[in-house]
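Raw start-v3.txt, compact mmCIF, C-alpha atoms:
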```
# COMPACT_ATOMS: atom_id res chain seq x y z
CA MET T 1 116.85 -3.89 -150.62
CA ASP T 2 118.89 -6.68 -152.20
CA ALA T 3 122.30 -5.52 -153.40
CA ALA T 4 123.62 -8.92 -154.46
CA GLN T 5 122.42 -9.14 -158.07
CA ARG T 6 124.90 -6.79 -159.71
CA ASP T 7 125.23 -8.61 -163.06
CA ALA T 8 121.53 -8.67 -163.95
CA PRO T 9 120.75 -7.72 -167.59
CA VAL T 10 119.22 -4.33 -166.77
CA SER T 11 120.51 -0.98 -168.02
CA PRO T 12 122.78 0.49 -165.33
CA LEU T 13 121.31 3.92 -166.05
CA GLU T 14 117.74 2.97 -165.11
CA ARG T 15 117.26 4.15 -161.54
CA SER T 16 115.15 5.94 -158.94
CA SER T 17 115.93 7.80 -155.69
CA HIS T 18 119.41 8.75 -156.93
CA THR T 19 121.18 12.09 -156.63
CA ALA T 20 122.22 14.27 -159.57
CA PHE T 21 123.71 17.67 -160.32
CA ILE T 22 124.99 19.60 -163.34
CA HIS T 23 128.43 21.20 -163.58
CA ASN T 24 129.86 22.68 -166.81
CA ASN T 25 126.92 21.21 -168.76
CA THR T 26 127.72 17.70 -167.54
CA LEU T 27 125.08 15.72 -165.64
CA TYR T 28 126.50 13.71 -162.72
CA VAL T 29 124.37 10.78 -161.44
CA TRP T 30 125.12 8.62 -158.38
CA GLY T 31 123.29 5.97 -156.38
CA GLY T 32 119.67 4.96 -156.33
CA TYR T 33 118.06 1.62 -157.03
CA GLN T 34 116.36 -0.38 -159.76
CA VAL T 35 114.27 -3.56 -159.88
CA VAL T 36 115.74 -6.91 -160.93
CA ALA T 37 113.65 -10.07 -160.96
CA GLY T 38 110.96 -8.37 -158.91
CA GLN T 39 113.35 -7.20 -156.19
CA ASP T 40 114.74 -3.75 -155.35
CA VAL T 41 118.48 -3.68 -156.04
CA VAL T 42 120.63 -0.84 -154.69
CA LEU T 43 123.02 0.40 -157.36
CA PRO T 44 126.79 0.28 -156.70
CA SER T 45 128.34 3.03 -154.58
CA ASP T 46 131.72 2.65 -156.28
CA GLU T 47 130.68 4.21 -159.59
CA ILE T 48 129.28 7.47 -160.91
CA TRP T 49 127.78 8.21 -164.33
CA LEU T 50 128.41 11.39 -166.33
CA CYS T 51 126.35 12.60 -169.28
CA ASP T 52 127.74 15.27 -171.61
CA LEU T 53 124.61 17.30 -172.31
CA ASP T 54 126.13 18.66 -175.54
CA SER T 55 126.83 15.27 -177.11
CA GLY T 56 124.41 13.07 -175.16
CA MET T 57 127.23 10.60 -174.43
CA TRP T 58 127.40 8.75 -171.09
CA GLU T 59 130.60 7.84 -169.25
CA ARG T 60 131.06 5.57 -166.23
CA ARG T 61 133.76 6.41 -163.69
CA GLU T 62 134.99 4.11 -160.95
CA MET T 63 135.25 5.36 -157.38
CA THR T 64 137.56 4.24 -154.59
CA GLY T 65 138.25 5.13 -150.96
CA ASP T 66 135.76 4.86 -148.09
CA ILE T 67 132.89 3.60 -150.23
CA PRO T 68 129.47 4.44 -148.71
CA PRO T 69 127.30 1.44 -147.81
CA ASP T 70 124.24 0.53 -149.88
CA LEU T 71 121.84 3.37 -149.07
CA SER T 72 118.24 4.29 -149.81
CA GLY T 73 116.60 7.62 -149.02
CA PHE T 74 119.95 9.40 -148.61
CA CYS T 75 120.39 13.10 -149.36
CA GLY T 76 122.98 14.23 -151.90
CA ALA T 77 124.22 17.81 -152.32
CA ASN T 78 127.11 19.36 -154.18
CA ILE T 79 129.34 22.41 -153.81
CA ASN T 80 130.83 22.83 -157.28
CA THR T 81 132.28 19.37 -158.07
CA LYS T 82 132.38 18.13 -154.48
CA LEU T 83 129.52 15.74 -153.70
CA TYR T 84 128.28 15.15 -150.16
CA ILE T 85 126.06 12.24 -149.09
CA PHE T 86 124.32 12.34 -145.71
CA GLY T 87 121.99 9.91 -143.98
CA GLY T 88 119.87 7.25 -145.63
CA TYR T 89 118.84 3.74 -144.71
CA GLU T 90 121.28 0.82 -144.84
CA THR T 91 121.22 -2.81 -143.78
CA ALA T 92 122.10 -1.88 -140.19
CA GLY T 93 119.30 0.70 -140.00
CA TYR T 94 119.03 4.47 -140.31
CA SER T 95 122.31 6.29 -140.88
CA SER T 96 123.77 9.60 -139.72
CA GLN T 97 127.04 9.17 -141.61
CA MET T 98 128.38 11.70 -144.11
CA PHE T 99 130.64 10.97 -147.08
CA SER T 100 132.26 13.31 -149.61
CA VAL T 101 134.10 12.99 -152.91
CA ASP T 102 135.82 15.57 -155.11
CA LEU T 103 134.82 14.70 -158.67
CA SER T 104 137.33 17.11 -160.22
CA GLU T 105 140.21 14.87 -159.16
CA PRO T 106 141.57 12.25 -161.60
CA CYS T 107 140.81 9.51 -159.06
CA CYS T 108 137.38 9.86 -157.47
CA SER T 109 138.05 8.76 -153.90
CA TRP T 110 135.30 8.74 -151.28
CA LYS T 111 136.08 10.04 -147.80
CA ARG T 112 134.04 9.45 -144.69
CA VAL T 113 133.56 12.79 -142.95
CA THR T 114 134.81 12.34 -139.38
CA ASP T 115 136.28 14.51 -136.62
CA THR T 116 133.40 16.96 -136.90
CA LYS T 117 132.50 19.48 -134.22
CA GLY T 118 129.04 20.01 -132.76
CA THR T 119 126.24 17.46 -132.42
CA THR T 120 125.60 15.20 -135.41
CA PRO T 121 121.87 14.96 -136.29
CA SER T 122 120.03 11.77 -135.42
CA PRO T 123 119.90 9.05 -138.12
CA ARG T 124 117.36 9.72 -140.87
CA ASN T 125 116.33 9.36 -144.49
CA LYS T 126 113.89 11.11 -146.87
CA HIS T 127 115.29 14.54 -145.87
CA SER T 128 116.36 17.45 -148.09
CA CYS T 129 119.21 19.96 -148.31
CA TRP T 130 119.85 23.59 -149.25
CA VAL T 131 123.41 24.67 -150.14
CA HIS T 132 124.05 28.21 -148.92
CA ARG T 133 127.37 30.02 -148.36
CA GLY T 134 129.40 26.85 -148.04
CA ARG T 135 126.89 25.28 -145.67
CA LEU T 136 124.71 22.20 -146.10
CA ILE T 137 121.35 22.98 -144.47
CA TYR T 138 119.23 19.87 -143.93
CA PHE T 139 115.51 19.79 -143.26
CA GLY T 140 113.13 17.10 -142.10
CA GLY T 141 113.13 13.39 -142.83
CA TYR T 142 112.16 10.12 -141.17
CA GLY T 143 114.38 8.35 -138.68
CA CYS T 144 115.00 7.32 -135.11
CA LYS T 145 115.87 8.96 -131.82
CA THR T 146 116.75 7.55 -128.42
CA LEU T 147 114.38 8.21 -125.53
CA ARG T 148 116.85 10.77 -124.17
CA GLU T 149 116.95 12.59 -127.52
CA LEU T 150 113.17 12.46 -127.73
CA ARG T 151 112.78 14.04 -124.29
CA ASN T 152 115.00 16.94 -125.43
CA THR T 153 113.07 17.42 -128.70
CA SER T 154 110.07 19.72 -129.00
CA SER T 155 106.87 17.85 -129.78
CA SER T 156 106.28 20.26 -132.65
CA ASN T 157 109.55 19.12 -134.28
CA PHE T 158 109.01 15.36 -134.08
CA THR T 159 105.97 13.20 -134.82
CA LEU T 160 106.30 9.80 -133.20
CA GLU T 161 104.77 6.98 -135.25
CA GLU T 162 102.79 4.28 -133.54
CA MET T 163 104.15 0.72 -133.64
CA SER T 164 107.65 2.08 -134.24
CA TRP T 165 109.40 1.20 -131.00
CA SER T 166 112.34 -1.16 -131.35
CA ARG T 167 115.23 -2.31 -129.21
CA ALA T 168 118.78 -2.12 -130.56
CA VAL T 169 121.64 -4.48 -129.76
CA ASN T 170 122.88 -2.22 -126.97
CA GLU T 171 119.43 -2.27 -125.35
CA VAL T 172 118.71 1.38 -126.21
CA THR T 173 115.08 2.00 -127.07
CA LEU T 174 114.70 3.77 -130.39
CA CYS T 175 111.69 5.88 -131.36
CA LYS T 176 110.92 6.31 -135.05
CA GLY T 177 109.09 9.20 -136.63
CA TRP T 178 109.11 12.31 -138.82
CA ASN T 179 110.91 15.54 -137.94
CA SER T 180 110.96 19.20 -138.99
CA GLU T 181 114.44 20.00 -137.67
CA VAL T 182 116.92 22.31 -139.36
CA ASN T 183 120.52 21.05 -139.10
CA VAL T 184 123.49 22.95 -140.54
CA PHE T 185 126.87 21.53 -141.55
CA ASP T 186 129.57 24.12 -142.24
CA THR T 187 131.88 22.49 -144.80
CA LEU T 188 134.71 24.94 -144.09
CA THR T 189 134.90 24.26 -140.34
CA ALA T 190 133.36 20.74 -140.31
CA THR T 191 130.91 21.92 -137.66
CA TRP T 192 127.31 20.82 -137.03
CA SER T 193 124.78 23.22 -135.50
CA MET T 194 121.03 23.45 -135.01
CA PRO T 195 119.79 27.05 -135.22
CA GLU T 196 116.71 28.11 -133.28
CA THR T 197 114.01 28.89 -135.80
CA GLN T 198 110.94 31.04 -135.34
CA GLY T 199 107.76 31.79 -137.26
CA SER T 200 105.22 29.46 -138.88
CA ALA T 201 107.25 26.28 -139.38
CA PRO T 202 106.12 23.34 -141.51
CA SER T 203 104.91 20.21 -139.77
CA PRO T 204 107.32 17.25 -139.47
CA ARG T 205 107.68 15.58 -142.88
CA GLY T 206 109.87 13.84 -145.42
CA CYS T 207 109.61 12.96 -149.13
CA HIS T 208 109.09 16.68 -149.78
CA ALA T 209 110.72 18.96 -152.37
CA SER T 210 113.09 21.81 -151.57
CA ALA T 211 114.83 24.62 -153.46
CA LEU T 212 116.99 27.65 -152.74
CA LEU T 213 116.43 31.20 -154.04
CA GLY T 214 118.96 33.73 -152.76
CA ASN T 215 118.99 33.51 -148.97
CA LYS T 216 115.65 31.72 -148.73
CA GLY T 217 114.97 28.00 -148.63
CA TYR T 218 111.62 26.70 -149.88
CA ILE T 219 109.79 23.52 -148.85
CA SER T 220 106.67 22.01 -150.42
CA GLY T 221 104.66 18.81 -150.06
CA GLY T 222 105.54 15.60 -148.28
CA VAL T 223 102.32 15.55 -146.26
CA GLU T 224 98.82 14.19 -146.81
CA ALA T 225 97.06 17.36 -147.93
CA ALA T 226 94.62 18.03 -150.76
CA GLU T 227 96.59 21.04 -152.01
CA LEU T 228 100.32 21.54 -152.19
CA ASP T 229 101.63 23.76 -149.38
CA MET T 230 104.68 26.05 -149.50
CA PHE T 231 106.97 27.28 -146.72
CA CYS T 232 109.96 29.62 -146.82
CA LEU T 233 112.89 29.82 -144.37
CA ASP T 234 115.02 32.98 -144.25
CA LEU T 235 118.55 31.61 -143.86
CA ASP T 236 119.84 34.83 -142.29
CA THR T 237 117.20 35.26 -139.57
CA TRP T 238 116.06 31.60 -139.40
CA THR T 239 112.43 32.72 -139.65
CA TRP T 240 109.80 30.47 -141.23
CA THR T 241 106.93 31.86 -143.31
CA LYS T 242 103.91 29.89 -144.54
CA LEU T 243 102.94 31.22 -147.94
CA ASP T 244 99.20 31.76 -148.31
CA ILE T 245 98.05 30.36 -151.64
CA SER T 246 94.51 30.18 -152.95
CA SER T 247 93.38 26.55 -152.95
CA ALA T 248 91.59 27.21 -156.26
CA PHE T 249 94.95 27.63 -158.02
CA ALA T 250 97.19 25.27 -156.02
CA PRO T 251 98.49 21.99 -157.48
CA LEU T 252 97.40 18.67 -156.04
CA GLY T 253 99.18 17.67 -152.83
CA ARG T 254 102.07 15.28 -153.44
CA SER T 255 105.34 13.72 -152.31
CA TRP T 256 108.57 12.64 -154.03
CA HIS T 257 108.31 15.50 -156.55
CA THR T 258 111.04 17.98 -157.54
CA MET T 259 111.34 21.75 -157.29
CA THR T 260 114.03 23.66 -159.20
CA PRO T 261 114.90 27.40 -159.16
CA THR T 262 114.75 28.87 -162.68
CA SER T 263 115.11 32.61 -161.95
CA ASP T 264 115.51 34.86 -158.91
CA HIS T 265 111.78 34.54 -158.17
CA THR T 266 110.48 31.37 -159.89
CA LEU T 267 110.46 27.69 -158.98
CA PHE T 268 109.67 24.86 -161.42
CA MET T 269 107.89 21.78 -160.06
CA TYR T 270 107.44 18.46 -161.80
CA GLY T 271 105.76 15.12 -161.11
CA GLY T 272 105.60 13.29 -157.82
CA PHE T 273 103.16 10.90 -156.18
CA GLY T 274 99.79 12.57 -155.70
CA THR T 275 97.49 12.29 -152.72
CA ASN T 276 95.03 10.78 -155.22
CA GLY T 277 97.32 7.74 -155.58
CA ASP T 278 98.62 8.60 -159.07
CA THR T 279 102.14 9.09 -160.39
CA LEU T 280 101.90 12.64 -161.72
CA ASN T 281 102.99 14.21 -165.01
CA ASP T 282 102.12 17.87 -164.43
CA ALA T 283 104.56 20.79 -164.56
CA TRP T 284 104.03 24.03 -162.61
CA GLN T 285 105.84 27.29 -162.01
CA PHE T 286 105.62 29.15 -158.71
CA ASN T 287 106.23 32.90 -158.54
CA THR T 288 107.63 33.74 -155.09
CA GLN T 289 106.82 37.45 -155.51
CA THR T 290 103.13 37.07 -156.40
CA ARG T 291 102.81 33.71 -154.57
CA GLU T 292 100.94 32.25 -157.52
CA TRP T 293 101.13 28.90 -159.30
CA THR T 294 100.99 28.69 -163.10
CA LYS T 295 100.46 25.39 -164.90
CA MET T 296 103.05 24.99 -167.65
CA ILE T 297 102.76 23.50 -171.11
CA ASN T 298 104.33 20.07 -170.75
CA PRO T 299 106.01 18.51 -173.81
CA HIS T 300 106.54 15.31 -171.79
CA LYS T 301 103.04 14.81 -170.41
CA ASP T 302 103.18 11.16 -171.48
CA LYS T 303 106.06 10.64 -169.04
CA PRO T 304 104.90 10.80 -165.41
CA ARG T 305 107.74 10.68 -162.90
CA VAL T 306 108.36 10.01 -159.22
CA PHE T 307 111.71 9.51 -157.38
CA HIS T 308 113.38 11.47 -160.21
CA THR T 309 115.91 14.32 -160.08
CA ALA T 310 115.62 17.77 -161.66
CA CYS T 311 118.65 20.04 -162.13
CA LEU T 312 119.06 23.53 -163.51
CA GLY T 313 120.77 23.42 -166.90
CA ARG T 314 121.89 26.14 -169.27
CA ASP T 315 119.46 28.84 -170.42
CA SER T 316 117.27 28.07 -167.36
CA ASP T 317 116.36 24.63 -168.73
CA VAL T 318 115.29 22.03 -166.17
CA VAL T 319 116.95 18.66 -166.77
CA VAL T 320 114.94 15.73 -165.38
CA PHE T 321 116.59 12.32 -165.17
CA GLY T 322 115.47 8.84 -164.13
CA GLY T 323 112.73 8.02 -161.68
CA SER T 324 109.77 5.69 -161.93
CA ARG T 325 106.78 6.15 -164.21
CA ASN T 326 104.42 4.00 -162.16
CA LEU T 327 104.68 3.91 -158.35
CA ARG T 328 102.60 1.24 -156.63
CA ILE T 329 101.55 1.61 -152.99
CA VAL T 330 99.76 -0.93 -150.81
CA MET T 331 98.08 0.31 -147.63
CA ASP T 332 96.39 -1.43 -144.73
CA SER T 333 95.58 -0.48 -141.16
CA MET T 334 99.14 -1.20 -140.00
CA VAL T 335 101.67 -0.25 -142.66
CA ILE T 336 102.21 1.46 -146.01
CA LEU T 337 104.33 -0.52 -148.45
CA ARG T 338 105.94 0.51 -151.75
CA LEU T 339 105.89 -2.47 -154.10
CA PRO T 340 108.93 -3.03 -156.36
CA SER T 341 108.11 -1.48 -159.74
CA PRO T 342 109.95 -2.41 -162.96
CA HIS T 343 109.07 0.95 -164.51
CA HIS T 344 112.36 2.74 -163.88
CA CYS T 345 113.61 5.23 -166.44
CA ARG T 346 116.92 6.27 -167.96
CA ASP T 347 115.85 9.08 -170.26
CA VAL T 348 116.77 12.76 -169.93
CA LEU T 349 113.84 15.18 -170.19
CA ILE T 350 114.45 18.85 -170.97
CA PHE T 351 111.94 21.52 -169.93
CA GLN T 352 112.30 25.02 -171.36
CA THR T 353 111.29 27.64 -168.79
CA GLN T 354 112.63 30.85 -170.37
CA PRO T 355 112.87 32.24 -173.95
CA TYR T 356 116.01 31.05 -175.72
CA SER T 357 118.77 33.25 -177.13
CA LEU T 358 119.30 33.43 -180.89
CA SER T 359 122.34 31.13 -180.70
CA ARG T 360 120.34 28.50 -178.78
CA LEU T 361 117.51 28.73 -181.30
CA CYS T 362 120.02 28.17 -184.11
CA GLU T 363 121.25 25.04 -182.33
CA ASP T 364 117.70 23.74 -182.13
CA VAL T 365 117.18 24.39 -185.85
CA ILE T 366 120.39 22.47 -186.56
CA GLY T 367 119.05 19.58 -184.52
CA GLN T 368 115.79 19.47 -186.46
CA ASN T 369 117.44 19.71 -189.88
CA SER T 370 120.77 17.98 -189.30
CA GLU T 371 120.69 15.59 -192.26
CA LEU T 372 119.93 18.38 -194.74
CA LEU T 373 122.61 20.57 -193.20
CA ARG T 374 125.19 17.80 -193.43
CA LEU T 375 124.63 17.68 -197.18
CA GLN T 376 124.91 21.45 -197.41
CA LEU T 377 128.18 21.39 -195.43
CA SER T 378 129.81 18.83 -197.71
CA TRP T 379 131.63 21.53 -199.68
CA LEU T 380 133.41 22.86 -196.57
CA PRO T 381 137.00 21.87 -195.65
CA SER T 382 137.04 18.46 -193.92
CA LYS T 383 138.37 19.82 -190.60
CA LEU T 384 135.54 22.35 -190.34
CA GLN T 385 133.02 19.68 -191.34
CA ARG T 386 134.14 17.43 -188.47
CA THR T 387 133.91 20.28 -185.97
CA LEU T 388 130.37 21.21 -187.02
CA GLU T 389 129.17 17.61 -187.23
CA LYS T 390 130.43 16.89 -183.71
CA ARG T 391 128.40 19.85 -182.45
CA MET T 392 125.33 18.62 -184.39
CA SER T 393 125.50 14.95 -183.37
CA PHE T 394 123.59 15.25 -180.09
CA PHE T 395 120.75 17.25 -181.63
CA SER T 396 120.43 14.75 -184.46
CA ALA T 397 120.23 11.87 -182.00
CA SER T 398 117.49 13.48 -179.94
CA SER T 399 115.30 14.72 -182.81
```
Would you mind giving the structure from this file in structure tokens?
Amino acid sequence: MDAAQRDAPVSPLERSSHTAFIHNNTLYVWGGYQVVAGQDVVLPSDEIWLCDLDSGMWERREMTGDIPPDLSGFCGANINTKLYIFGGYETAGYSSQMFSVDLSEPCCSWKRVTDTKGTTPSPRNKHSCWVHRGRLIYFGGYGCKTLRELRNTSSSNFTLEEMSWSRAVNEVTLCKGWNSEVNVFDTLTATWSMPETQGSAPSPRGCHASALLGNKGYISGGVEAAELDMFCLDLDTWTWTKLDISSAFAPLGRSWHTMTPTSDHTLFMYGGFGTNGDTLNDAWQFNTQTREWTKMINPHKDKPRVFHTACLGRDSDVVVFGGSRNLRIVMDSMVILRLPSPHHCRDVLIFQTQPYSLSRLCEDVIGQNSELLRLQLSWLPSKLQRTLEKRMSFFSASS
């Protein structure tokens, strides 16, 4: 990707393959890429964007310190306001570096995570992460291993791709492929480990979706299958379970979709790139107790998304940001290529997954009738008027 064209007249908020999280009803967005003049452009690593979900206002913050390189396919995860970035693909190749930044500090300064204990995972991108008890638990991805690493890796955990042998500067032969490894980073002790898992593990993959419910991590998609699969890993016993789902009620197989926990037993899934070659706009809910999918009413069905993010907001809302509305793929007998697409998005989509409280319903009514209410509030003291109008401004803008 070309990172040179920083001053191109494109909205800095339009992006795909970024990372995002919500803290105190503020949406934090970092990284990703957009298309300028027909070329993929990695967005700057020295800035982060914040959206106040009450007012709808965006704010840009500068970042300093050990700035991460231009990355694609990295994995971002947060513990409260501390953001961690691991892996990805940079100019020099696949990365196994980790960076962190505490966004609660007045100066957002990146730090490269060094002096760790244990064995750092091999370089990779397109992986996912669960955050559980202060640990970052990574699964899968695409990357490279040395011949020595490959000999010590179970064939069930790594799928070697043909035509993917290359020779690095130091004359070490690298083997590229997909993996199904589980790697754990303990943020309190700065220690890497690889637990031995058992049970029915998913096949090596990347570009999948993941979500955490209690002490169980869920994985879906990322493979060429007609129906969407679902696996669960118990993070106490490290036991995999393949969830049996009737193909008659399963969503279409897909990659680059999102999966978000919305209760102690439900997962919300949106969009992705289907095995039929389409950018998808469907929304589904998965019940982990009954192991059943339910197709949801979608108020944004005219907005298909891929490479987007989906975060849990207040009142169990799912907040979708960014992504592309039209992914283009070219395939031949040798390679699969993603063509640069100008259809990147900057809008915030809200999906309601649970009934709202009375106070939330009143807020929505205010949003729908804000102009009339402003007239009715004109007789109130000016200080109270300003307070109420500030609260109403975001709903008026989005109605």
*Which one is closest to Cys311 of chain T: T:Ile48, T:Thr262, T:Asp40, T:Cys75? Count only C-alpha atoms.*
T:Thr262
What are the closest atom pairs, with distances in Å to one decimal, for each residue of segment 31-82 of chain T lying within 8 Å of segment 127-131 of chain T, using only C-alpha atoms, rows by chain and rising residue number, as a Markdown table?
```
| residue | atom | partner | partner_atom | distance |
| --- | --- | --- | --- | --- |
| T:Gly73 | CA | T:His127 | CA | 7.7 |
| T:Phe74 | CA | T:His127 | CA | 7.5 |
| T:Cys75 | CA | T:Ser128 | CA | 6.1 |
| T:Gly76 | CA | T:Cys129 | CA | 7.7 |
| T:Ala77 | CA | T:Cys129 | CA | 6.8 |
| T:Asn78 | CA | T:Val131 | CA | 7.6 |
| T:Ile79 | CA | T:Val131 | CA | 7.3 |
```
*Mind checking which residues fall within 12 Å of Asn183 of chain T, counting all atoms listed in the file, ignoring those fewer than 6 positions away in the same chain, and posting them as a list in words?*
Phe86, Ser96, Gly118, Thr119, Thr120, Pro121, Ser122, Arg124, His127, Ser128, Cys129, Trp130, Val131, Arg135, Leu136, Ile137, Tyr138, Phe139, Gly140, Gly141, Thr191, Trp192, Ser193, Met194, Pro195, Glu196, Thr197, Leu235 and Trp238 of chain T
_Can you tell me which residues surround Asp278 of chain T at a distance of at most 9 Å, considering only C-alpha atoms, apart from same-chain residues fewer than 3 positions away, and format the answer as a PyMOL selection string?_
chain T and resi 272-275+326-328
What's the 12 Å shell around Glu47 of chain T, counting all atoms listed in the file, without same-chain residues fewer than 2 positions away, as a short mmCIF file (atom, residue, chain, number, x, y, z; two decimals) with C-alpha atoms, in the coordinates of the input?
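To be explicit, this is the file written out as part-v4.cif:
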```cif
data_model
loop_
_atom_site.label_atom_id
_atom_site.label_comp_id
_atom_site.auth_asym_id
_atom_site.auth_seq_id
_atom_site.Cartn_x
_atom_site.Cartn_y
_atom_site.Cartn_z
CA PRO T 12 122.78 0.49 -165.33
CA LEU T 13 121.31 3.92 -166.05
CA TYR T 28 126.50 13.71 -162.72
CA VAL T 29 124.37 10.78 -161.44
CA TRP T 30 125.12 8.62 -158.38
CA GLY T 31 123.29 5.97 -156.38
CA GLY T 32 119.67 4.96 -156.33
CA LEU T 43 123.02 0.40 -157.36
CA PRO T 44 126.79 0.28 -156.70
CA SER T 45 128.34 3.03 -154.58
CA TRP T 49 127.78 8.21 -164.33
CA LEU T 50 128.41 11.39 -166.33
CA GLU T 59 130.60 7.84 -169.25
CA ARG T 60 131.06 5.57 -166.23
CA ARG T 61 133.76 6.41 -163.69
CA GLU T 62 134.99 4.11 -160.95
CA MET T 63 135.25 5.36 -157.38
CA THR T 64 137.56 4.24 -154.59
CA GLY T 65 138.25 5.13 -150.96
CA ILE T 67 132.89 3.60 -150.23
CA PRO T 68 129.47 4.44 -148.71
CA VAL T 101 134.10 12.99 -152.91
CA LEU T 103 134.82 14.70 -158.67
CA CYS T 107 140.81 9.51 -159.06
CA CYS T 108 137.38 9.86 -157.47
CA SER T 109 138.05 8.76 -153.90
CA TRP T 110 135.30 8.74 -151.28
#
```
*How far is it from atom CA of Thr26 of chain T to atom CA of Thr114 of chain T, in Å with one decimal?*
29.5 Å
*In Å, rounded to a single decimal, give me how far atom CA of Thr266 of chain T is from atom CA of Ser316 of chain T.*
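These two atoms are separated by 10.6 Å.
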*Surrounding residues of segment 246-259 of chain T excluding itself and chain neighbours under 2 positions, 9 Å, all atoms listed in the file, as a ChimeraX atom specification*: /T:17,206-211,218-229,244,261,267-276,280,282,284,292-295,305-311
*Determine the nearest neighbour of Leu27 of chain T from the options T:Cys345, T:Val113, T:Ala190, T:Cys51, counting only C-alpha atoms.*
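The answer is T:Cys51, which sits nearest to Leu27 of chain T.
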